[in-house]
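Novice: My structure is stored as work13.cif, with mmCIF, C-alpha atoms and all ligand atoms.
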data_upload
loop_
_atom_site.label_atom_id
_atom_site.label_comp_id
_atom_site.auth_asym_id
_atom_site.auth_seq_id
_atom_site.Cartn_x
_atom_site.Cartn_y
_atom_site.Cartn_z
CA MET J 1 80.89 102.09 130.22
CA GLU J 2 82.54 102.57 126.82
CA ARG J 3 85.82 104.47 126.63
CA GLY J 4 85.90 108.00 125.30
CA ILE J 5 88.05 109.28 122.47
CA THR J 6 90.56 110.80 124.91
CA THR J 7 91.85 107.33 125.83
CA MET J 8 91.60 105.68 122.41
CA ARG J 9 94.50 104.68 120.20
CA ILE J 10 94.26 105.90 116.64
CA CYS J 11 96.36 104.38 113.87
CA PHE J 12 96.75 106.06 110.47
CA TYR J 13 97.46 103.36 107.89
CA GLY J 14 98.93 105.61 105.20
CA ALA J 15 100.80 108.70 106.38
CA GLY J 16 100.39 111.16 103.50
CA SER J 17 98.80 114.61 103.12
CA MET J 18 95.29 113.64 104.21
CA ALA J 19 96.45 111.59 107.21
CA GLU J 20 98.64 114.50 108.32
CA ALA J 21 95.80 116.99 107.88
CA ILE J 22 93.51 114.93 110.13
CA ALA J 23 96.17 114.01 112.71
CA ARG J 24 97.34 117.59 112.98
CA GLY J 25 93.77 118.83 113.31
CA LEU J 26 92.94 116.29 116.04
CA ILE J 27 96.06 117.20 118.01
CA HIS J 28 95.83 120.95 117.46
CA ASN J 29 92.19 120.99 118.51
CA LYS J 30 93.12 118.94 121.60
CA LEU J 31 90.74 116.08 120.89
CA VAL J 32 93.60 113.62 121.40
CA GLU J 33 97.20 113.67 122.64
CA PRO J 34 100.03 112.96 120.14
CA GLY J 35 100.91 109.78 122.08
CA GLN J 36 97.53 108.28 121.18
CA ILE J 37 98.34 108.49 117.47
CA SER J 38 100.47 106.14 115.37
CA MET J 39 101.18 106.65 111.67
CA LEU J 40 102.32 103.99 109.20
CA ASN J 41 103.47 104.20 105.64
CA ARG J 42 105.00 101.82 103.16
CA SER J 43 108.55 102.96 102.40
CA ASN J 44 109.15 106.65 103.02
CA GLU J 45 111.11 106.70 106.30
CA GLN J 46 112.04 110.35 106.00
CA ARG J 47 108.36 111.27 105.93
CA LEU J 48 107.80 109.30 109.15
CA THR J 49 110.71 111.05 110.86
CA GLU J 50 109.25 114.41 109.86
CA LEU J 51 105.81 113.49 111.24
CA HIS J 52 107.33 112.25 114.49
CA ASP J 53 109.42 115.40 114.91
CA ARG J 54 106.58 117.73 113.93
CA TYR J 55 103.75 116.26 116.01
CA GLY J 56 105.25 113.80 118.50
CA VAL J 57 103.20 110.92 117.06
CA GLN J 58 104.51 107.34 116.94
CA THR J 59 105.58 106.29 113.46
CA VAL J 60 106.61 103.02 111.85
CA LEU J 61 107.06 101.43 108.43
CA GLN J 62 104.38 98.93 107.43
CA GLY J 63 105.74 95.38 107.58
CA THR J 64 108.55 96.03 110.09
CA ASN J 65 107.15 94.43 113.24
CA ASN J 66 104.59 97.17 113.32
CA ASP J 67 101.55 94.96 113.80
CA THR J 68 101.14 96.11 117.39
CA TYR J 69 99.90 99.56 116.39
CA LEU J 70 97.32 98.08 114.05
CA LYS J 71 96.29 95.33 116.45
CA GLU J 72 95.94 97.62 119.45
CA ALA J 73 94.28 100.56 117.73
CA ASP J 74 90.69 101.38 118.60
CA ILE J 75 90.32 103.38 115.40
CA ILE J 76 92.19 102.72 112.13
CA PHE J 77 92.18 105.36 109.43
CA LEU J 78 92.68 103.97 105.91
CA ALA J 79 94.56 106.76 104.16
CA MET J 80 96.49 105.39 101.22
CA LYS J 81 95.93 106.19 97.54
CA PRO J 82 93.03 104.30 95.94
CA LYS J 83 95.41 102.29 93.72
CA ASP J 84 97.13 100.86 96.83
CA ALA J 85 93.97 100.36 98.86
CA ALA J 86 92.80 96.81 98.04
CA GLU J 87 96.22 95.24 98.60
CA ALA J 88 96.95 97.28 101.73
CA ILE J 89 93.56 96.55 103.31
CA ALA J 90 93.74 92.83 102.49
CA ALA J 91 97.16 92.72 104.19
CA ILE J 92 95.80 93.89 107.55
CA ALA J 93 92.51 91.97 107.50
CA PRO J 94 93.90 89.01 109.53
CA LEU J 95 95.12 91.37 112.28
CA LEU J 96 91.80 93.06 113.00
CA HIS J 97 88.94 92.32 115.35
CA SER J 98 85.37 93.46 115.06
CA LYS J 99 85.53 96.05 117.87
CA GLN J 100 87.99 98.17 115.88
CA LEU J 101 86.45 101.05 113.99
CA ILE J 102 87.69 101.48 110.42
CA VAL J 103 87.54 105.01 109.01
CA SER J 104 88.33 105.30 105.32
CA VAL J 105 89.14 108.61 103.62
CA ILE J 106 89.79 106.90 100.26
CA ALA J 107 87.99 108.47 97.30
CA GLY J 108 85.59 106.10 95.54
CA LEU J 109 86.15 103.10 97.84
CA SER J 110 82.73 101.73 98.81
CA ILE J 111 81.70 100.23 102.12
CA ALA J 112 80.78 97.02 100.25
CA SER J 113 84.34 96.76 98.87
CA MET J 114 85.81 97.26 102.34
CA GLU J 115 83.40 94.68 103.79
CA ARG J 116 84.51 92.24 101.11
CA LEU J 117 88.11 92.73 102.23
CA LEU J 118 87.57 92.94 105.98
CA GLY J 119 84.41 90.92 106.58
CA GLU J 120 80.90 92.16 107.21
CA GLU J 121 81.29 92.27 111.00
CA GLN J 122 83.81 95.12 110.81
CA PRO J 123 82.31 98.52 111.64
CA ILE J 124 83.27 100.86 108.78
CA VAL J 125 82.94 104.60 108.33
CA ARG J 126 83.37 105.91 104.80
CA THR J 127 84.33 109.56 104.80
CA MET J 128 85.41 112.22 102.37
CA PRO J 129 87.26 115.01 104.18
CA ASN J 130 89.42 117.74 102.68
CA THR J 131 92.82 119.18 103.44
CA SER J 132 91.41 122.28 105.18
CA SER J 133 90.96 119.91 108.16
CA THR J 134 94.59 120.82 108.88
CA ILE J 135 93.45 124.16 110.32
CA GLY J 136 90.08 123.06 111.70
CA LEU J 137 88.14 124.29 108.66
CA GLY J 138 87.55 120.99 106.91
CA ALA J 139 84.28 119.79 105.39
CA THR J 140 83.66 116.04 105.61
CA GLY J 141 80.95 113.74 104.30
CA ILE J 142 80.36 110.70 106.55
CA SER J 143 78.51 107.41 105.86
CA TYR J 144 78.24 104.34 108.09
CA SER J 145 78.12 100.59 107.57
CA SER J 146 75.34 98.76 109.39
CA LYS J 147 77.79 97.53 112.06
CA VAL J 148 78.79 100.98 113.34
CA THR J 149 77.31 101.44 116.83
CA SER J 150 75.74 104.66 118.04
CA SER J 151 78.74 105.42 120.28
CA GLN J 152 81.10 104.82 117.34
CA ARG J 153 79.00 107.26 115.31
CA LEU J 154 79.32 109.86 118.05
CA ILE J 155 83.09 109.36 118.15
CA SER J 156 83.40 109.61 114.36
CA GLU J 157 81.37 112.79 114.24
CA ALA J 158 83.29 114.26 117.19
CA MET J 159 86.60 113.60 115.40
CA PHE J 160 85.54 115.28 112.19
CA GLN J 161 83.75 118.09 114.04
CA SER J 162 86.98 118.87 115.84
CA ILE J 163 88.60 119.54 112.46
CA GLY J 164 85.73 121.31 110.72
CA ILE J 165 82.12 120.65 109.83
CA ASN J 166 80.63 117.38 108.74
CA ALA J 167 77.54 116.11 106.97
CA VAL J 168 76.23 112.58 107.47
CA VAL J 169 75.11 111.53 103.98
CA GLU J 170 73.75 108.46 102.23
CA GLU J 171 76.69 106.52 100.88
CA SER J 172 75.36 107.02 97.34
CA LEU J 173 76.23 110.73 97.73
CA GLN J 174 79.88 110.19 98.69
CA ASP J 175 81.21 110.59 95.13
CA SER J 176 79.29 113.87 95.01
CA VAL J 177 81.02 114.98 98.22
CA VAL J 178 84.33 114.39 96.43
CA GLY J 179 83.22 116.69 93.58
CA VAL J 180 82.04 119.43 95.94
CA SER J 181 84.32 119.60 98.97
CA GLY J 182 86.90 116.79 98.74
CA SER J 183 88.53 118.24 95.64
CA GLY J 184 87.00 121.65 96.40
CA PRO J 185 90.00 123.43 97.94
CA ALA J 186 91.91 122.86 94.70
CA TYR J 187 89.30 124.79 92.67
CA VAL J 188 89.67 127.78 94.96
CA TYR J 189 93.47 127.52 94.80
CA LEU J 190 93.28 127.47 90.99
CA VAL J 191 91.21 130.65 91.01
CA MET J 192 93.68 132.20 93.46
CA GLU J 193 96.62 131.24 91.24
CA ALA J 194 94.96 133.00 88.32
CA MET J 195 94.19 136.06 90.49
CA LEU J 196 97.84 136.19 91.60
CA THR J 197 99.04 136.01 87.99
CA ALA J 198 96.72 138.87 87.07
CA ALA J 199 97.68 140.94 90.13
CA GLU J 200 101.34 140.72 89.13
CA LYS J 201 100.47 141.68 85.55
CA LEU J 202 98.67 144.68 87.05
CA GLY J 203 101.90 145.82 88.68
CA PHE J 204 102.01 144.33 92.20
CA ASP J 205 105.03 142.56 93.66
CA PRO J 206 104.30 138.90 94.67
CA ASP J 207 103.95 139.65 98.40
CA THR J 208 101.48 142.47 97.96
CA ALA J 209 99.60 140.48 95.32
CA LYS J 210 99.30 137.58 97.76
CA GLU J 211 98.13 139.79 100.60
CA LEU J 212 95.41 141.40 98.49
CA VAL J 213 94.22 138.13 96.91
CA VAL J 214 94.17 136.07 100.12
CA GLN J 215 92.24 138.73 102.03
CA THR J 216 89.79 139.08 99.15
CA VAL J 217 89.02 135.34 99.09
CA LEU J 218 88.85 135.11 102.90
CA GLY J 219 86.58 138.17 103.09
CA ALA J 220 84.27 136.88 100.36
CA ALA J 221 83.85 133.45 102.05
CA GLN J 222 83.24 135.09 105.44
CA MET J 223 80.69 137.48 103.89
CA VAL J 224 78.64 134.52 102.63
CA LYS J 225 78.89 132.85 106.02
CA GLN J 226 78.26 135.85 108.26
CA THR J 227 75.65 137.84 106.33
CA GLY J 228 73.56 134.83 105.30
CA GLU J 229 73.20 136.39 101.85
CA SER J 230 73.72 134.20 98.79
CA PRO J 231 76.86 134.50 96.67
CA GLU J 232 74.63 135.80 93.88
CA GLN J 233 73.16 138.59 96.08
CA LEU J 234 76.63 139.54 97.28
CA ARG J 235 78.03 139.50 93.74
CA ARG J 236 75.27 141.89 92.62
CA LYS J 237 76.25 144.31 95.41
CA VAL J 238 79.80 144.47 94.09
CA THR J 239 78.64 144.99 90.52
CA SER J 240 77.79 148.59 89.63
CA PRO J 241 75.89 149.03 86.36
CA ASN J 242 78.36 149.45 83.54
CA GLY J 243 81.21 149.51 86.03
CA THR J 244 84.45 147.60 86.46
CA THR J 245 83.04 144.40 88.00
CA GLN J 246 80.41 144.08 85.30
CA ALA J 247 83.18 144.32 82.71
CA ALA J 248 85.17 141.61 84.52
CA ILE J 249 82.23 139.24 85.08
CA GLU J 250 81.11 139.55 81.45
CA THR J 251 84.63 138.75 80.25
CA MET J 252 84.92 135.75 82.60
CA THR J 253 81.45 134.44 81.69
CA GLU J 254 82.15 134.77 77.96
CA ALA J 255 85.36 132.79 78.55
CA GLY J 256 83.23 130.01 80.08
CA LEU J 257 84.32 130.23 83.74
CA PRO J 258 81.02 129.29 85.46
CA GLU J 259 80.35 126.36 83.10
CA ALA J 260 83.93 125.19 83.41
CA ILE J 261 83.63 125.03 87.20
CA VAL J 262 80.36 123.07 87.05
CA LYS J 263 81.82 120.73 84.44
CA GLY J 264 84.98 120.18 86.48
CA MET J 265 83.06 119.39 89.66
CA LEU J 266 80.85 116.85 87.90
CA ARG J 267 83.94 115.29 86.37
CA SER J 268 85.61 114.99 89.80
CA SER J 269 82.58 113.12 91.11
CA GLU J 270 82.46 110.90 88.03
CA ARG J 271 86.16 110.15 88.46
CA ALA J 272 85.55 109.08 92.08
CA ALA J 273 83.00 106.55 90.81
CA GLU J 274 85.46 105.29 88.18
CA ILE J 275 88.15 104.86 90.84
CA GLY J 276 85.71 102.90 93.00
CA THR J 277 84.83 100.62 90.09
CA VAL J 278 88.50 99.87 89.39
CA ILE J 279 88.99 98.87 93.04
CA GLU J 280 85.83 96.72 93.01
CA ARG J 281 87.05 94.90 89.90
CA SER J 282 90.49 94.31 91.39
CA ILE J 283 88.88 92.76 94.48
CA ALA J 284 86.58 90.56 92.39
CA GLU J 285 89.50 89.18 90.31
N1 LIG Y 301 94.75 114.88 99.43
C1 LIG Y 301 93.49 115.25 99.54
O1 LIG Y 301 93.09 116.42 99.38
C2 LIG Y 301 92.46 114.23 99.88
C3 LIG Y 301 92.72 112.88 99.81
N2 LIG Y 301 91.77 111.96 100.11
C4 LIG Y 301 92.09 110.54 100.03
O2 LIG Y 301 93.12 110.28 100.94
C5 LIG Y 301 93.90 109.18 100.47
C6 LIG Y 301 95.35 109.51 100.62
O3 LIG Y 301 95.64 110.63 99.83
P1 LIG Y 301 96.92 111.52 100.11
O4 LIG Y 301 97.08 111.68 101.59
O5 LIG Y 301 96.78 112.71 99.25
O6 LIG Y 301 98.04 110.51 99.54
P2 LIG Y 301 99.62 110.52 99.79
O7 LIG Y 301 100.25 109.96 98.57
O8 LIG Y 301 100.05 111.84 100.32
O9 LIG Y 301 99.80 109.43 100.96
C7 LIG Y 301 99.54 108.08 100.80
C8 LIG Y 301 100.20 107.33 101.96
O10 LIG Y 301 99.83 105.95 101.90
C9 LIG Y 301 100.98 105.16 102.19
N3 LIG Y 301 100.82 103.81 101.67
C10 LIG Y 301 100.61 103.39 100.41
N4 LIG Y 301 100.53 102.05 100.36
C11 LIG Y 301 100.69 101.61 101.63
C12 LIG Y 301 100.73 100.33 102.24
N5 LIG Y 301 100.57 99.23 101.53
N6 LIG Y 301 100.92 100.27 103.57
C13 LIG Y 301 101.08 101.38 104.30
N7 LIG Y 301 101.06 102.62 103.79
C14 LIG Y 301 100.88 102.74 102.48
C15 LIG Y 301 102.11 105.94 101.53
O11 LIG Y 301 103.37 105.50 102.01
P3 LIG Y 301 104.73 105.68 101.14
O12 LIG Y 301 104.86 107.15 100.87
O13 LIG Y 301 105.78 105.14 102.05
O14 LIG Y 301 104.49 104.87 99.90
C16 LIG Y 301 101.74 107.36 101.96
O15 LIG Y 301 102.15 107.60 103.29
C17 LIG Y 301 93.50 108.91 99.03
O16 LIG Y 301 92.81 107.70 98.95
C18 LIG Y 301 92.60 110.09 98.66
O17 LIG Y 301 91.53 109.67 97.83
C19 LIG Y 301 90.53 112.33 100.57
C20 LIG Y 301 90.21 113.65 100.68
C21 LIG Y 301 91.10 114.71 100.30
O1 LIG Y 302 92.47 114.06 94.01
C1 LIG Y 302 92.05 113.10 94.66
O2 LIG Y 302 91.83 112.02 94.10
C2 LIG Y 302 91.81 113.25 96.14
C3 LIG Y 302 90.39 112.94 96.53
C4 LIG Y 302 89.78 114.23 96.94
C5 LIG Y 302 90.87 115.17 96.93
N1 LIG Y 302 91.98 114.62 96.54
#
Let me see whether you can do it: turn the structure in this file into structure tokens.
Ligand SMILES: NC(=O)C1=CN([C@@H]2O[C@H](COP(=O)(O)OP(=O)(O)OC[C@H]3O[C@@H](n4cnc5c(N)ncnc54)[C@H](OP(=O)(O)O)[C@@H]3O)[C@@H](O)[C@H]2O)C=CC1
Ligand SMILES: O=C(O)[C@@H]1CCC=N1
Specialist:
Amino acid sequence: MERGITTMRICFYGAGSMAEAIARGLIHNKLVEPGQISMLNRSNEQRLTELHDRYGVQTVLQGTNNDTYLKEADIIFLAMKPKDAAEAIAAIAPLLHSKQLIVSVIAGLSIASMERLLGEEQPIVRTMPNTSSTIGLGATGISYSSKVTSSQRLISEAMFQSIGINAVVEESLQDSVVGVSGSGPAYVYLVMEAMLTAAEKLGFDPDTAKELVVQTVLGAAQMVKQTGESPEQLRRKVTSPNGTTQAAIETMTEAGLPEAIVKGMLRSSERAAEIGTVIERSIAE
């Protein structure tokens, strides 16, 4: 019988924001124990000490007799920046064996590029999570290489389900996932920043402004989720004819807010594709 996730060793190769969000989510949601997790980065020792102290995970600098964690891991998360990916992945290729499951969170990096670096026998999961995974409210797109077994699929989906929701998508849609939910939290934070600025202009101290804005955004998202009504229906309910909301929405629309959001999201997705192409070219050279 195959082992379950509760006994598997998980190595994060790259120990930045996204790796922390996932590791914290997995631990917090009790899918794995901290001792099952190791985290590696390139040079930032202080960061590793913080992660060890905060979560009780094992940490080590890449290249300092750390091969054991990579060699013995059942699951290896690739979690470095796209610009570092090709070199970092090529460096571990000789250490791996084909039973190890590779899970990439790297924007733009295709399964074909990873197969070129690691060999076609390696089971690879390409994902696009987001930082809300930290608190179990992430949204992740998942795509599989042909070598991923059905039990590895179950494990992958269980991991991402424990830190939010996930959607299994065709790989061709992964750059779109970046535009929608990978970068998505930042769009909401940008709107919140603007709302906070306005709230302070309207006379509130920063703490009160934050309380009002955070609750408003939380309440609006929960309303969409819990009532099943569309954002448009809910917006209409807030908007009295010739009232305050209508005045606000008209001003925001005239200033180009809805179009700017659509344009920005399409650009994020396009940028993911560009990043992937740069990596592909660097591998081909
Ligand atoms: N942040 C986000 O919201 C999201 C990010 N992603 C993806 O996650 C990936 C990581 O992003 P993020 O966490 O923000 O990045 P960070 O810069 O926070 O972290 C990158 C990590 O990779 C490590 N690293 C770089 N090169 C190597 C190497 N050769 N060997 C070992 N470790 C290495 C760095 O170590 P050191 O600091 O020592 O150099 C650092 O720990 C990206 O590819 C991004 O596309 C996906 C979804 C959302
Ligand atoms: O900004 C980025 O490139 C990464 C990918 C998705 C979110 N952050």
Novice: I'd like the neighbourhood of Gly276 of chain J as an MDAnalysis selection string, where a residue qualifies if any of its atoms comes within 9 Å (using only C-alpha atoms), though same-chain residues fewer than 3 positions away should be ignored.
Specialist: chainID J and resid 82 107:110 113 271:273 279:281
Novice: Figure out the distance between atom CA of Ser269 of chain J and atom CA of Ser176 of chain J, please, to one decimal in Å.
Specialist: 5.2 Å
Novice: What is the distance, in Å and to one decimal place, between atom CA of Asp207 of chain J and atom CA of Arg54 of chain J?
Specialist: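 About the pair atom CA of Asp207 of chain J and atom CA of Arg54 of chain J: they are 27.0 Å apart.
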Novice: Find the residues around Gly184 of chain J up to 10 Å (all atoms listed in the file counted), leave out those fewer than 2 positions away in its own chain, and share them as a PyMOL selection string.
Specialist: chain J and resi 130-132+139+177-182+186-189+265+268
Novice: How would you write as a PyMOL selection string the residues that get within 9 Å of (103.4, 101.7, 102.7) in the file's frame, counting only C-alpha atoms?
Specialist: chain J and resi 13-15+40-44+61-63+80+84+88
Novice: Store the residues picked out above, limited to C-alpha atoms, as an mmCIF file, in the coordinates of the input.
Specialist:
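out-v5.cif, written as the output of this step:
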data_model
loop_
_atom_site.group_PDB
_atom_site.id
_atom_site.type_symbol
_atom_site.label_atom_id
_atom_site.label_comp_id
_atom_site.auth_asym_id
_atom_site.auth_seq_id
_atom_site.Cartn_x
_atom_site.Cartn_y
_atom_site.Cartn_z
ATOM 1 C CA TYR J 13 97.460 103.360 107.890
ATOM 2 C CA GLY J 14 98.930 105.610 105.200
ATOM 3 C CA ALA J 15 100.800 108.700 106.380
ATOM 4 C CA LEU J 40 102.320 103.990 109.200
ATOM 5 C CA ASN J 41 103.470 104.200 105.640
ATOM 6 C CA ARG J 42 105.000 101.820 103.160
ATOM 7 C CA SER J 43 108.550 102.960 102.400
ATOM 8 C CA ASN J 44 109.150 106.650 103.020
ATOM 9 C CA LEU J 61 107.060 101.430 108.430
ATOM 10 C CA GLN J 62 104.380 98.930 107.430
ATOM 11 C CA GLY J 63 105.740 95.380 107.580
ATOM 12 C CA MET J 80 96.490 105.390 101.220
ATOM 13 C CA ASP J 84 97.130 100.860 96.830
ATOM 14 C CA ALA J 88 96.950 97.280 101.730
#
Novice: If I take atom CA of Thr197 of chain J and atom CA of Val262 of chain J, how far is one from the other in Å, to one decimal?
Specialist: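 Computing it gives 22.7 Å between the two atoms.
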Novice: Restricting the calculation to only C-alpha atoms: of J:Ala85, J:Cys11, J:Thr49, J:Val105, which residue gets closest to Asp67 of chain J?
Specialist: J:Cys11
Novice: Tell me, as a list in words, which residues lie within 7 Å of segment 115-126 of chain J, counting only C-alpha atoms; anything in the same chain fewer than 6 positions away does not count.
Specialist: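 The neighbour list is Ile89, Ala90, Ala93, Ser98, Leu101, Ile102, Val103, Ser104, Val105, Ile142, Ser143, Tyr144, Ser145, Lys147 and Val148 of chain J.
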Novice: Considering only C-alpha atoms and all ligand atoms, can you say which of J:Lys71, J:His52, J:Lys237, J:Arg47 comes closest to ligand LIG 301 (chain Y)?
Specialist: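 Ranked by minimum distance to ligand LIG 301 (chain Y), first place goes to J:Arg47.
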Novice: Mind checking which residues fall within 12 Å of segment 248-258 of chain J, counting all atoms listed in the file, ignoring those fewer than 6 positions away in the same chain, and posting them as a list in words?
Specialist: Tyr187, Leu190, Val191, Ala194, Arg235, Arg236, Val238, Thr239, Ser240, Pro241, Asn242, Gly264 and Met265 of chain J
